[in-house]
Structure formats: C-alpha cells, structure tokens
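To keep things clear, I will list the structure first and then write my remarks on it.
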Amino acid sequence: MVGKGAMSNSIEELANTDFLFVAGSNTTEAHPVIALRMKRAVRNGATLVVVDPRKIELTRWANRHLQIRLGTDIPLYNAMARVMIEEELYDRDYVENRTEGFQQFARHVEMYTPEYASDICGISPEDIVRTAREFGAAAPKASICYTVGVTEHSCGSHNVQALANLGMMAGLFGRPNAGVNPLRGQNNVQGASDAGAIPTDLPGYQKIESPGVREKFERAWGAKLPKRRGITKITAMDQMLRGKVRAVYVMGENTVVSDPHANHAKKALEAADFLVVQDIFMTDTARLADVVLPAASFAESEGTFANSERRVQRVRPAVPPPGEAQPDVDILLQLFRRMGKPQNSRTAEDAWDEMRRLSPIHAGITYKRLDQEGGLQWPCPNEEHPGSMYLHGDDMESGMPGFFAPVDHIPPAEQPDEQYPLALTTGRRRSTYHTGTQTGRAAGFDLLVPHEFLEINPADASELSIRNGEKVRVTSRRGEVEVHANVTEKSPRGTVFMSFAFPDSTLTNALTSDAYDFITETPEFKACAVRVERIPNIQHAANGKTPSAD
Amino acid sequence: MTTARHETETSRDLQVEVNGVAVACPTGSRMLDAVRLAGFDVPTLCYDERVGPQGSCRTCMVEVEVNGRTETVASCTAFAEQGARVATHSSEIKEYRRTLLELLLSETASPANCPKCNSFGTCEFHQTAEEYGARLDRFPPIPQRTPAKDPNPFIQRDYDYCIACYRCTNVCNEWEQADAITVQGRGQESNIFSFFNNNLLDSPCTFCGQCINTCPTGALTNRKTVGKIQADKIERTKTICPYCGVGCGINLLSQDGELMGAEPDFDSPSRGSLCVKGQFASWEFVKSEERLKYPLIKENGAFRRASWDEALDRVAAQFKDAMASHGPDSVVCWASARVVTEASYLMQKFARVAIGTNNIDNCSRT
C-alpha cells in the first residue's frame with residue numbers, strides 16, 4: 001500500500017497522460033470539472049478505459065468500456081497484473097527499488113488467468129489482455145482514477161489495494177502525468193482527514209498510536225492524550241444501540257439521510273442520551289438533537305478547504321451569517337472554554353497556524369501565501385517550498401517503499417436471490433448534490449432532475465411490466481421506497497441505480513446494505529439486493545422527463 | 001500561482017521584439033503569446049485561451065516585420081517567427097481596430113442597455129469599444145440577431161448583443177465537449193442554435209455556464225443574477241465552490257450585504273471551469289429562510305429558542321456528565337467534510353483534549 005487518501009498527482013496532469021484507467025467513477029456527473037481534463041486527454045490522443053457496471057456518460061469518450069459485473073473489481077485487476085507480469089510489461093526497476101512483496105504478489109495473481117477472471121467479472125479475456133498491454137505500454141505515463149464505485153464495497157479497501165498494486169507495477173508513483181488518484185467526493189473531505197478528524201490519526205496523518213507523535217502533540221497541547229485509537233462512525237452507532245456511547249456531537253452532517261440503512265442510523269442516534277447537532281439547516285439529523293447550534297455557511301466563514309489534489313485554498317466570508325448563527329470555529333472555541341480548556345486561538349488563521357506547526361506536510365502553507373499565491377498543494381514542508389504537484393517525488397531519499405498486498409475477490413455481502421432478484425447500486429447525478437439540502441434550494445434545478453429515478457434496463461422493465469416514468473416500489477430487506485422508473489440501457493441487465501438526493505420523497509438509504517468494509521468501515525452503498533414492483537391502480541405521473549444526463 | 005516544484009520549464013528559444021521590447025518565447029508560440037509575454041495586450045474578442053484561436057474578430061491584428069517583409073496579421077493565429085518585430089499599437093492598427101469595433105456596434109443593440117455592463121461592470125466588447133473611442137453612429141445600424149425565446153432558468157440569451165465571435169460554441173464543443181450549441185447560417189445571417197428547438201433544456205446542455213463566462217458581450221448572461229444586481233454596488237469575494245472535491249474557484253457576488261450570485265474565478269487553478277452546481281446553485285441555499293438562526297433546546301419533544309450561553313452550557317454539562325458517569329469514550333464527535341479545515345482541526349482537538357477520547361470521525365466514509 002502506498003500513500004494517503006489523496007490524489008497522488010494533480011487534476012491538470014490528467015489532461016497530459018497517455019492512458020487513463022477510470023474505475024468506479026461517474027466522473028462527468030460527480031466531478032464534472034475533472035472530467036474536462038479526461039476529455040481533453042482523449043482529444044490529445046490518450047486511451048481511456050472506463051470500468052463501470054453502468055453505461056455512464058464518460059463511456060462516450062472511452063476507447064473501451066469494461067462493463068464489469070457489480071462488485072467484481074479484484075479479479076479484473078489481478079488478471080491485468082498477471083498479464084503484465086507474464087509479458088514483462090511492468091517497471092522492473094521501480095518494483096525492485098521502491099516496493100516490497102512483489103514475488104509473493106506475482107505468485108498470488110498466477111491463478112487469475114484472464115479466463116478465470118472473465119468468469120467472475122464478465123469481461124472477455126481478450127479485453128483484459130488488451131487493456132493490460134495498453135496500460136503496460138503507456139506506463140509510466142498512465143493514470144488510474146477511482147472513486148466511491150471502488151471504495152463503497154465491503155471489499156473496498158481490497159479494491160483500492162488491487163489498483164495500487166497495478167500502479168506500483170507500472171511505476172506510476174513519484175512521476176508527473178501518472179499516479180493513482182482517488183477523486184474525493186465532498187468539498188473538504190480532504191481537509192477533514194488532513195486535520196486529523198479520524199479515529200487513528202492526528203493532523204497530517206500522524207498516527208495516534210505512535211508514541212513519538214503523541215508526545216509531540218501532548219507537549220504542544222499541554223494535555224495527556226488517549227493512547228488507543230478511537231471508533232469510527234459505523235462502530236459508534238452500534239455502540240449507541242448497546243448503551244456504550246452516550247453523548248454525540250455532530251457538526252455539519254446529515255447522518256440520518258446520508259448513512260446506509262437509514263433506519264439503523266436514526267435508531268442509534270435516538271438511543272444516545274444526548275445529541276448536539278451543529279448545522280446550517282434543520283436536517284433530519286438535527287431534528288433528533290437535544291441541542292441545535294446554528295452555524296455559519298461557507299459563504300460566511302473564514303478558513304480553508306483542501307481539494308482532491310491536496311490543494312489548500314482560502315475560503316472567505318462574503319456576507320454575515322443570519323440571526324445569531326456563528327462560524328464553526330467560533331462555536332468550538334467557546335465550547336473549549338466551557339469545558340475548562342480555553343484555547344489561545346482566536347481566529348481560523350490562529351487555528352491553522354497551530355495546525356501547521358504540528359503537521360509537517362502543512363508547515364509551509366500560510367494564509368499570507370494562500371492570499372498571494374492562490375492555493376498550495378501539500379506536502380509543503382517550509383515557507384520557501386512551492387508545494388507538490390505529485391506525491392512520492394522524494395521517497396527515494398526517505399526510503400519509503402510501497403507494499404504489494406495480495407488480495408482476492410470478495411463478492412458483495414448481499415447477493416440477489418429469488419426474493420430480492422435485482423442488485424441496487426447508488427450514486428450521484430450532476431445537478432443534484434448529496435442529500436439535496438443545497439441543490440434542492442436552488443431555483444430551476446427541479447427542471448433538471450425533478451425527483452428521484454430508478455434506472456432500470458429495458459429487459460428487466462419489460463419482465464416486470466414497468467413503463468418509463470411510472471412509479472414503482474423498491475424493497476430491500478431493510479426498507480422500501482417509491483420512485484419513478486427510468487427505463488434505460490445505461491443500467492445493465494439485473495442492476496438498478498438510484499441517487500439519494502431526494503430523501504423527503506424517496507429515502508434511498510432506507511434500502512442500502514448495512515455491510516461495510518472491515519478495514520475502513522466504509523459502507524457498502526454500491527451493492528444490495530432489491531425487489532422492484534409496479535404499484536397497481538394508481539394514477540401514473542404524466543411527468544416522464546428523464547434526468548438531463550441521458 | 002507559483003510553479004509547483006516538479007513542473008518543467010519549456011525552453012524559450014524564439015526571439016521576438018514587441019514594441020521595442022525583446023522577448024524569448026517557447027517554440028510554437030503564437031504572436032499573441034509573444035505580445036503578452038512582452039507585457040503588452042491587444043483586444044481578443046473571439047479568443048479563449050482554453051480552446052485556441054478562432055481568428056474571426058480580427059481585433060488582435062498587429063504589424064509584423066520579419067525577413068524583409070511587413071504584414072498585418074491576426075496575432076491569435078499567426079505563429080511567432082524568429083527575429084520578428086511586432087507593433088501592436090501603431091496609428092494604422094488602432095484606426096483599423098476602431099473601425100472593426102464600430103462595425104460591430106452597428107450590428108448590435110445599444111451599449112446603454114447591455115445586461116452584462118449594467119449588472120456586472122463592463123463587458124469585454126463595450127469596454128474595448130470605449131477604449132478605442134469607437135463611435136456608435138459611424139455606420140448605419142443593420143438588423144440585429146433575434147434573442148432566443150428560451151425559457152431555461154439559467155442562461156439568458158440576448159443575441160441582439162451577439163457579435164458572432166463563436167467563443168460560446170467553441171467552449172461548448174471543444175472545451176466542455178458537451179456539443180449543446182452550434183452555429184447556424186453564415187455571416188450576418190449566422191446565429192447560435194441548439195437542436196432541435198433551440199431550447200437548451202431539451203439539448204445536451206449541462207448548464208455548466210461556460211458559454212456565459214466566455215461571452216465577451218451581453219449576449220449570454222446568468223439569468224438568476226442579471227438585472228438584479230447593479231454594477232456600481234457589486235462586491236466580489238474570492239472563495240471556493242461549496243460542492244465537490246474539485247475545489248473550483250468562485251467569486252461570490254454580493255450587494256448591500258446580500259448574496260446575489262456567483263461567477264467563476266479565472267485566476268484559480270480551475271481556470272474558470274465550473275459545473276451547473278457551482279455556477280447556479282452555490283449561493284441560494286445560504287439565503288434560505290430555512291437557515292437555522294438561533295440555538296435551540298429540545299424540551300418535552302419540542303424545540304425552543306435558547307441563548308448561546310444556555311445552549312453551550314447545556315452541551316458542556318452533558319459532555320461532562322457522560323465523561324464522569326461512563327468515561328470519555330462514551331462521547332463521540334463527528335467533524336464534517338463540509339466545513340473549513342480549521343473547524344475540523346478544532347473538533348478533533350476538542351475530542352482529544354477537552355473530552356479525552358479518540359472517538360473522532362468525519363463523513364469521508366459516507
């Protein structure tokens with residue numbers, strides 16, 4: 001495994017690569033501006049291979065669409081690795097000098113012949129071989145991009161590992177116009193992790209369980225720090241139901257709607273003795289709270305966001321917050337005081353400066369530089385450093401190796417069966433965002449996507465006598481919803497698709513699986529089993545408009 | 001922006017002299033690049049650097065002396081040549097540009113009513129016309145293009161201001177590769193059109209708004225903002241789009257302390273790119289009447305308004321209570337992928353220092 005949860009390279013570099021391998025990323029809809037660079041690469045002559053069970057819009061630009069069966073990534077990637085080893089299409093120099101575990105890995109993937117993989121993932125052996133050859137030939141000027149289509153599986157971290165194995169074989173790290181690039185979903189998901197808002201890491205990905213690290217922070221913060229790693233959200237919710245977690249502080253997140261198996265999340269939060277929610281709207285999660293704290297929005301706050309390519313950029317207030325709402329930073333500073341732990345910081349910039357003094361990757365990034373230079377990419381170890389377009393450029397000196405970890409196919413936790421014969425996968429649409437609290441309030445957006453749609457293949461629809469635009473009922477083991485059908489070839493036979501942007505009328509996450517990756521605890525949003533039925537004897541909505549993406 | 005550390009500098013081996021200033025430009029440069037490298041500028045009404053030269057407006061004309069020949073070329077299309085001497089503002093060239101601008105003024109609606117100038121400051125075309133002293137009455141007016149009757153709520157199409165520069169179609173087809181709009185007809189009869197009924201909602205348009213952003217005139221504007229904001233009152237705040245992890249630069253537009261709209265920030269690494277959300281949905285939710293304005297405390301199942309003092313004291317007391325009765329690990333804190341990094345930093349420090357637990361997470365998993 002190499003790297004951190006960030007793009008190894010930069011967005012702009014995607015336009016200059018020769019081979020783009022895009023897996024589980026509906027880029028034109030979820031990251032439209034990154035998709036521009038991919039389209040540019042294709043126009044510049046790059047080969048684009050898209051791995052996705054659905055015929056997503058990006059496939060229009062692709063040289064090849066590897067339409068895999070839902071949740072069968074690993075056999076495909078392992079088989080590509082096998083071809084590259086057999087035909088000596090890997091970067092021997094890179095593998096020998098900068099990685100460990102290759103021999104064991106090579107033995108492991110031996111069983112993944114293209115034919116064997118093909119039986120599992122549904123891609124022809126010829127296409128597997130062809131893709132591996134093209135990838136190997138283009139490397140290291142090749143880039144792997146992936147997003148939640150890869151990670152939101154119960155084998156998500158193994159999927160990522162399988163892609164990283166390919167990246168290491170091809171020598172894609174520490175080089176321009178290359179890399180293994182997770183495209184991050186939300187505006188500041190990168191910043192939240194960078195800042196250490198994760199149970200295992202202090203700011204800058206420094207491990208809480210490393211004694212030297214913890215002591216540094218204890219000195220700086222003047223406090224004893226807990227030694228053991230904390231629990232993730234998923235575990236915390238289980239512990240709420242078991243009475244072990246009693247008080248919950250939620251900042252800026254609509255957990256009840258965005259989390260899988262929504263009924264479970266709601267029950268868990270209700271079970272806690274005390275819930276405080278700090279947000280800009282009365283979300284479904286805030287409704288469950290004992291205390292609601294009104295926060296300022298991005299347009300009313302000072303601070304920074306870090307984007308997918310590790311670029312820290314300034315956020316500035318344009319207007320004052322409404323009523324008595326306050327910036328999150330201010331609220332937290334007051335709470336520290338009331339807990340008897342007053343802070344020296346007065347402003348967002350103070351907090352940033354404190355963080356950068358403790359986080360070597362951020363050390364050289366100051367507000368002043370951000371104002372003058374317009375954005376800096378970590379690692380940026382000192383104030384003279386221009387920031388890093390790509391990671392691992394210096395790892396030869398630091399001696400950091402990448403580890404090949406052999407992984408095997410693990411099917412999605414819930415498979416279609418007689419009772420629930422279709423696979424449901426969920427995702428995004430371009431003109432709606434997440435749970436719709438923001439796009440749902442923008443005039444005109446209802447014309448682009450008026451409500452939720454269930455995308456279903458014509459053959460499946462015809463078997464179920466479902467017509468385009470009519471309302472259907474979707475049921476899983478955990479819940480049921482009603483939704484308009486969108487009969488489309490975009491969905492492969494046997495797999496249906498929904499987003500989760502209209503929770504008031506269609507709570508998609510009432511259906512989704514409660515399985516999750518056992519390493520990262522990322523929920524398996526991408527696969528569960530459902531039944532789809534016509535709703536008899538109702539007036540069918542005349543509105544047959546399909547989403548703009550079609 | 002700084003050049004990031006691993007970027008390689010292309011070699012600059014073409015020597016060109018612009019208005020007496022010597023510059024070295026990379027092989028393959030256009031004359032326009034040389035002009036700008038030398039610190040000068042010329043009007044470029046049909047040029048968008050993201051899609052390269054169109055060469056139709058001719059306002060970027062310069063005089064070039066090279067290898068014993070003197071010629072007048074469009075600097076956006078002509079390649080820079082070794083040893084060329086370029087004049088950008090000779091009196092002939094200036095007069096030539098003024099005439100071109102006067103011709104364009106004669107075929108478009110009055111600058112006094114220009115939607116872009118009135119709402120957002122100046123449009124590139126009218127600003128250039130003013131700079132060159134172009135007269136409105138130099139040429140008799142000729143029929144203008146007809147504004148499109150398009151009910152879409154995002155893009156206002158006032159083609160009586162269109163100068164047929166084709167930046168919009170180039171950006172749509174070449175840069176966005178959305179293929180939503182095209183040019184129909186030739187010359188004065190040409191207009192911008194989308195299949196099949198010229199209604200963008202029925203076209204492949206994704207409403208990324210790049211056509212609005214590149215349009216040098218008032219022909220294409222943001223329908224949500226135009227006419228609602230006054231150029232002399234507008235305030236711009238440089239910030240980052242609140243949606244996905246790409247982090248495109250935007251300027252928020254406000255007037256009298258009220259948020260009115262957003263526009264792309266061309267000086268950011270995203271180079272002016274936005275999608276429909278950043279372009280048309282990045283500010284209305286901020287102004288929503290449904291925003292939380294006061295702290296609330298739930299009593300007997302219903303919320304009541306509380307003071308900050310009361311609300312924060314309640315929170316602190318409840319945390320202390322849970323810590324005392326069940327230990328610090330009975331508290332969990334969840335930071336957010338939606339708030340500034342500084343807030344997430346303080347949140348994790350709060351969990352670790354004020355509570356004494358590593359039970360801190362964020363929504364990166366969901």
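Each chain of the structure tokens is named A, B, ... in the order shown, its residues numbered from 1; ligands are numbered from 1 in display order.
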
Query raised in the report: Quick one: residues within 12 Å of stretch 457-462 of chain A, only C-alpha atoms counted, chain neighbours fewer than 2 positions away excluded, as a PyMOL selection string?
Result: chain A and resi 54-55+421-423+454-455+464-470+472+485-497+531-534

Selection file, N, CA and C atoms, as a tab-separated table (two decimals), in the first residue's frame:
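Written out: again26.tsv:
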```tsv
chain	number	residue	atom	x	y	z
A	54	ARG	N	-22.24	0.25	-15.10
A	54	ARG	CA	-23.26	1.02	-15.83
A	54	ARG	C	-22.64	1.72	-17.04
A	55	LYS	N	-23.49	1.95	-18.04
A	55	LYS	CA	-23.04	2.66	-19.22
A	55	LYS	C	-23.09	4.16	-18.92
A	421	PRO	N	-34.43	-10.06	-6.39
A	421	PRO	CA	-33.67	-10.56	-7.55
A	421	PRO	C	-32.77	-9.54	-8.25
A	422	LEU	N	-32.87	-8.24	-7.90
A	422	LEU	CA	-32.05	-7.25	-8.60
A	422	LEU	C	-30.99	-6.67	-7.67
A	423	ALA	N	-29.87	-6.26	-8.27
A	423	ALA	CA	-28.83	-5.59	-7.50
A	423	ALA	C	-29.07	-4.08	-7.60
A	454	LEU	N	-35.42	5.55	-10.61
A	454	LEU	CA	-34.80	4.24	-10.57
A	454	LEU	C	-34.42	3.91	-12.00
A	455	GLU	N	-33.13	3.84	-12.28
A	455	GLU	CA	-32.70	3.48	-13.63
A	455	GLU	C	-32.72	1.97	-13.76
A	464	LEU	N	-40.99	-6.97	-15.79
A	464	LEU	CA	-41.80	-6.56	-14.64
A	464	LEU	C	-42.99	-5.70	-15.08
A	465	SER	N	-43.18	-5.57	-16.41
A	465	SER	CA	-44.25	-4.73	-16.98
A	465	SER	C	-44.18	-3.30	-16.47
A	466	ILE	N	-42.98	-2.78	-16.39
A	466	ILE	CA	-42.81	-1.41	-15.90
A	466	ILE	C	-42.57	-0.49	-17.09
A	467	ARG	N	-43.35	0.60	-17.15
A	467	ARG	CA	-43.17	1.56	-18.23
A	467	ARG	C	-42.35	2.75	-17.75
A	468	ASN	N	-41.70	3.38	-18.70
A	468	ASN	CA	-40.86	4.54	-18.39
A	468	ASN	C	-41.69	5.62	-17.69
A	469	GLY	N	-41.20	6.15	-16.60
A	469	GLY	CA	-41.86	7.27	-15.93
A	469	GLY	C	-42.85	6.86	-14.86
A	470	GLU	N	-43.28	5.63	-14.86
A	470	GLU	CA	-44.28	5.27	-13.87
A	470	GLU	C	-43.63	4.98	-12.51
A	472	VAL	N	-42.77	3.06	-9.15
A	472	VAL	CA	-42.60	1.67	-8.73
A	472	VAL	C	-42.22	1.63	-7.26
A	485	ALA	N	-39.71	5.19	-12.38
A	485	ALA	CA	-38.81	4.35	-13.16
A	485	ALA	C	-38.27	5.13	-14.35
A	486	ASN	N	-36.99	4.94	-14.63
A	486	ASN	CA	-36.39	5.48	-15.83
A	486	ASN	C	-35.80	4.29	-16.58
A	487	VAL	N	-36.52	3.86	-17.62
A	487	VAL	CA	-36.10	2.67	-18.35
A	487	VAL	C	-34.98	3.06	-19.30
A	488	THR	N	-33.79	2.52	-19.07
A	488	THR	CA	-32.62	2.98	-19.82
A	488	THR	C	-31.56	1.90	-19.97
A	489	GLU	N	-30.92	1.93	-21.11
A	489	GLU	CA	-29.82	0.99	-21.40
A	489	GLU	C	-28.59	1.29	-20.53
A	490	LYS	N	-28.62	2.44	-19.88
A	490	LYS	CA	-27.50	2.81	-19.02
A	490	LYS	C	-27.31	1.76	-17.91
A	491	SER	N	-28.43	1.22	-17.42
A	491	SER	CA	-28.35	0.16	-16.42
A	491	SER	C	-28.18	-1.18	-17.12
A	492	PRO	N	-27.22	-1.99	-16.66
A	492	PRO	CA	-27.12	-3.32	-17.26
A	492	PRO	C	-28.25	-4.21	-16.75
A	493	ARG	N	-28.48	-5.28	-17.44
A	493	ARG	CA	-29.46	-6.27	-17.03
A	493	ARG	C	-29.16	-6.70	-15.59
A	494	GLY	N	-30.19	-6.67	-14.75
A	494	GLY	CA	-30.03	-7.19	-13.39
A	494	GLY	C	-29.56	-6.19	-12.36
A	495	THR	N	-29.17	-4.99	-12.80
A	495	THR	CA	-28.70	-3.98	-11.86
A	495	THR	C	-29.51	-2.71	-12.03
A	496	VAL	N	-30.01	-2.16	-10.94
A	496	VAL	CA	-30.74	-0.89	-10.99
A	496	VAL	C	-29.94	0.16	-10.23
A	497	PHE	N	-30.25	1.42	-10.52
A	497	PHE	CA	-29.47	2.52	-9.95
A	497	PHE	C	-30.38	3.61	-9.39
A	531	ARG	N	-36.09	-5.82	-4.61
A	531	ARG	CA	-37.19	-6.26	-5.45
A	531	ARG	C	-37.86	-5.00	-5.98
A	532	VAL	N	-38.21	-5.00	-7.26
A	532	VAL	CA	-38.90	-3.84	-7.85
A	532	VAL	C	-40.26	-4.30	-8.34
A	533	GLU	N	-41.29	-3.54	-7.99
A	533	GLU	CA	-42.64	-3.93	-8.39
A	533	GLU	C	-43.43	-2.73	-8.90
A	534	ARG	N	-44.34	-2.99	-9.80
A	534	ARG	CA	-45.30	-1.95	-10.19
A	534	ARG	C	-46.18	-1.64	-8.99
```

Query - Contact residues around stretch 146-157 of chain B with only C-alpha atoms at 6 Å, ignoring same-chain residues under 5 positions, as a ChimeraX atom specification - result: /A:444 /B:199,219-223

**Report entry** Point-to-point distance from atom CA of A:Ile56 to atom CA of A:Val42, Å rounded to tenths
**Finding:**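 Pair atom CA of A:Ile56 / atom CA of A:Val42 returns 16.4 Å.
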
Report task. Would you list the contacts of stretch 137-151 of chain A as a ChimeraX atom specification, taking every protein, DNA or RNA residue within 9 Å and counting only C-alpha atoms, but skipping same-chain residues closer than 6 positions in sequence? Result -> /A:7,9,14,16-27,52,71,73,89-91,157-160,163-164,166-167,170-173,175-185,426-427,517,522-526 /B:365

Query - Selection: 10 Å around B:Gly327, only C-alpha atoms, excl. self and same-chain fewer than 4 positions, as a PyMOL selection string - result: (chain A and resi 244-246) or (chain B and resi 320-323+331+355-357)

Report task. Apply DSSP to the structure's backbone, then extract all residues of stretch 155-273 of chain A labelled strand (DSSP E or B) and return them as a list in words. Result ->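 So, restricting stretch 155-273 of chain A to strand (DSSP E or B), we get Val180, Asn181, Pro182, Gln186, Ile198, Asp201, Leu202, Gln206, Lys207, Ala247, Val248, Tyr249, Val250 and Met251 of chain A.
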
Selected residues written out with N, CA and C atoms, as a PDB file, in the first residue's frame:
```pdb
ATOM      1  N   VAL A 180      -1.946   7.178  -8.989  1.00  0.00           N
ATOM      2  CA  VAL A 180      -3.183   6.510  -8.608  1.00  0.00           C
ATOM      3  C   VAL A 180      -3.996   7.548  -7.852  1.00  0.00           C
ATOM      4  N   ASN A 181      -5.144   7.883  -8.411  1.00  0.00           N
ATOM      5  CA  ASN A 181      -5.822   9.102  -7.983  1.00  0.00           C
ATOM      6  C   ASN A 181      -7.261   8.878  -7.529  1.00  0.00           C
ATOM      7  N   PRO A 182      -7.460   8.801  -6.209  1.00  0.00           N
ATOM      8  CA  PRO A 182      -8.844   8.784  -5.732  1.00  0.00           C
ATOM      9  C   PRO A 182      -9.438  10.190  -5.860  1.00  0.00           C
ATOM     10  N   GLN A 186     -16.566  15.114  -1.349  1.00  0.00           N
ATOM     11  CA  GLN A 186     -17.124  16.370  -0.867  1.00  0.00           C
ATOM     12  C   GLN A 186     -16.050  17.451  -0.833  1.00  0.00           C
ATOM     13  N   ILE A 198     -10.038  11.878  12.251  1.00  0.00           N
ATOM     14  CA  ILE A 198     -10.184  10.445  12.039  1.00  0.00           C
ATOM     15  C   ILE A 198      -9.691   9.734  13.292  1.00  0.00           C
ATOM     16  N   ASP A 201      -5.707   8.971  13.443  1.00  0.00           N
ATOM     17  CA  ASP A 201      -4.647   9.905  13.059  1.00  0.00           C
ATOM     18  C   ASP A 201      -4.803  11.282  13.700  1.00  0.00           C
ATOM     19  N   LEU A 202      -3.670  11.833  14.073  1.00  0.00           N
ATOM     20  CA  LEU A 202      -3.606  13.247  14.448  1.00  0.00           C
ATOM     21  C   LEU A 202      -3.408  14.051  13.158  1.00  0.00           C
ATOM     22  N   GLN A 206      -0.492  11.726  11.129  1.00  0.00           N
ATOM     23  CA  GLN A 206       0.448  11.212  12.126  1.00  0.00           C
ATOM     24  C   GLN A 206      -0.338  10.303  13.061  1.00  0.00           C
ATOM     25  N   LYS A 207       0.183   9.096  13.239  1.00  0.00           N
ATOM     26  CA  LYS A 207      -0.574   8.046  13.923  1.00  0.00           C
ATOM     27  C   LYS A 207      -0.639   8.279  15.429  1.00  0.00           C
ATOM     28  N   ALA A 247     -23.083  10.243  24.488  1.00  0.00           N
ATOM     29  CA  ALA A 247     -23.227  11.635  24.049  1.00  0.00           C
ATOM     30  C   ALA A 247     -22.562  11.802  22.682  1.00  0.00           C
ATOM     31  N   VAL A 248     -23.246  12.499  21.787  1.00  0.00           N
ATOM     32  CA  VAL A 248     -22.783  12.610  20.403  1.00  0.00           C
ATOM     33  C   VAL A 248     -22.791  14.070  19.971  1.00  0.00           C
ATOM     34  N   TYR A 249     -21.675  14.484  19.342  1.00  0.00           N
ATOM     35  CA  TYR A 249     -21.546  15.844  18.830  1.00  0.00           C
ATOM     36  C   TYR A 249     -21.375  15.729  17.316  1.00  0.00           C
ATOM     37  N   VAL A 250     -22.358  16.208  16.572  1.00  0.00           N
ATOM     38  CA  VAL A 250     -22.326  16.119  15.110  1.00  0.00           C
ATOM     39  C   VAL A 250     -22.208  17.519  14.522  1.00  0.00           C
ATOM     40  N   MET A 251     -21.180  17.740  13.713  1.00  0.00           N
ATOM     41  CA  MET A 251     -21.005  19.044  13.079  1.00  0.00           C
ATOM     42  C   MET A 251     -21.177  18.898  11.565  1.00  0.00           C
TER      43      MET A 251
END
```

Report task. Mind checking which residues fall within 10 Å of stretch 256-261 of chain A, counting only C-alpha atoms, ignoring those fewer than 2 positions away in the same chain, and posting them as a PyMOL selection string? Result -> (chain A and resi 233-234+253-254+263-269+283-286+288+434-435+477-479+500-504+507-516+522-525) or (chain B and resi 363+365-366)

Requested in this report: Name all residues at most 8 Å from B:Lys298 (count only C-alpha atoms; drop same-chain ones fewer than 6 positions away) and give them as a list in words.
Outcome: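 Final neighbour list, sorted by chain and number: Ala289, Asp290 and Val291 of chain A; Arg304 of chain B.
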
Using N, CA and C atoms, can you write the selected residues to a file as a tab-separated table (two decimals), in the first residue's frame?
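Printed below is again33.tsv as written:
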```tsv
chain	number	residue	atom	x	y	z
A	289	ALA	N	-31.92	16.02	17.65
A	289	ALA	CA	-30.97	16.53	18.63
A	289	ALA	C	-31.66	17.04	19.89
A	290	ASP	N	-30.87	17.09	20.98
A	290	ASP	CA	-31.32	17.76	22.20
A	290	ASP	C	-30.97	19.24	22.16
A	291	VAL	N	-29.84	19.53	21.54
A	291	VAL	CA	-29.45	20.93	21.36
A	291	VAL	C	-29.01	21.11	19.90
B	304	ARG	N	-37.24	24.86	21.54
B	304	ARG	CA	-37.49	26.25	21.87
B	304	ARG	C	-36.20	27.03	21.67
```

Requested in this report: Find the residues near stretch 344-360 of chain A: any atom within 7 Å, counting only C-alpha atoms, skip ones fewer than 2 places away on the same chain, and give them as a VMD selection string.
Outcome: (chain A and resid 203 to 204 302 to 303 329 342 362 to 363 367 381) or (chain B and resid 342)

So that I have them on file, write out the residues from the current selection with N, CA and C atoms, as a PDB file, in the first residue's frame.
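Output (result-v7.pdb):
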```pdb
ATOM      1  N   PRO A 203      -3.431  15.390  13.220  1.00  0.00           N
ATOM      2  CA  PRO A 203      -3.285  16.177  11.985  1.00  0.00           C
ATOM      3  C   PRO A 203      -2.075  15.755  11.157  1.00  0.00           C
ATOM      4  N   GLY A 204      -2.253  15.775   9.829  1.00  0.00           N
ATOM      5  CA  GLY A 204      -1.163  15.449   8.922  1.00  0.00           C
ATOM      6  C   GLY A 204      -0.859  13.960   8.873  1.00  0.00           C
ATOM      7  N   GLU A 302     -14.441  32.232   7.537  1.00  0.00           N
ATOM      8  CA  GLU A 302     -13.027  32.277   7.181  1.00  0.00           C
ATOM      9  C   GLU A 302     -12.467  30.874   7.305  1.00  0.00           C
ATOM     10  N   GLY A 303     -11.496  30.549   6.460  1.00  0.00           N
ATOM     11  CA  GLY A 303     -10.841  29.266   6.626  1.00  0.00           C
ATOM     12  C   GLY A 303     -10.241  28.774   5.340  1.00  0.00           C
ATOM     13  N   VAL A 329     -15.773  27.507  13.802  1.00  0.00           N
ATOM     14  CA  VAL A 329     -14.557  27.750  14.583  1.00  0.00           C
ATOM     15  C   VAL A 329     -14.893  28.498  15.871  1.00  0.00           C
ATOM     16  N   PRO A 342      -9.590  26.458  27.862  1.00  0.00           N
ATOM     17  CA  PRO A 342      -9.546  27.612  26.958  1.00  0.00           C
ATOM     18  C   PRO A 342      -8.374  27.529  25.979  1.00  0.00           C
ATOM     19  N   HIS A 362       1.964  20.404   6.208  1.00  0.00           N
ATOM     20  CA  HIS A 362       1.310  21.702   6.056  1.00  0.00           C
ATOM     21  C   HIS A 362       2.191  22.879   6.469  1.00  0.00           C
ATOM     22  N   ALA A 363       3.421  22.554   6.956  1.00  0.00           N
ATOM     23  CA  ALA A 363       4.209  23.574   7.650  1.00  0.00           C
ATOM     24  C   ALA A 363       4.420  24.855   6.846  1.00  0.00           C
ATOM     25  N   TYR A 367      -1.655  31.611   5.540  1.00  0.00           N
ATOM     26  CA  TYR A 367      -2.751  32.373   4.920  1.00  0.00           C
ATOM     27  C   TYR A 367      -2.189  33.422   3.964  1.00  0.00           C
ATOM     28  N   PRO A 381       6.652  21.488   3.082  1.00  0.00           N
ATOM     29  CA  PRO A 381       7.310  21.424   4.395  1.00  0.00           C
ATOM     30  C   PRO A 381       7.846  22.742   4.935  1.00  0.00           C
TER      31      PRO A 381
ATOM     32  N   GLU B 342     -10.101  24.258   9.463  1.00  0.00           N
ATOM     33  CA  GLU B 342      -9.801  24.775  10.799  1.00  0.00           C
ATOM     34  C   GLU B 342     -10.840  24.283  11.807  1.00  0.00           C
TER      35      GLU B 342
END
```

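In this structure, atom CA of A:Tyr420 sits 24.4 Å away from atom CA of A:Phe518.
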
**Report entry** Secondary structure check, alpha helix (DSSP H) residues of stretch 55-248 of chain A, as a PyMOL selection string
**Finding:** chain A and resi 73-86+92-98+102-109+114-121+125-138+148-151+156-169+189-194+211-221+233-241

Query raised in the report: So how many Å separate atom CA of A:Gly387 and atom CA of B:Val246, to one decimal?
Result: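 Rounded to one decimal, the two atoms are 17.4 Å apart.
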
Report task. Measuring atom to atom with only C-alpha atoms, identify which of A:Pro199, A:Gly174, A:Pro75, A:Pro536 is nearest to chain B. Result -> A:Pro199
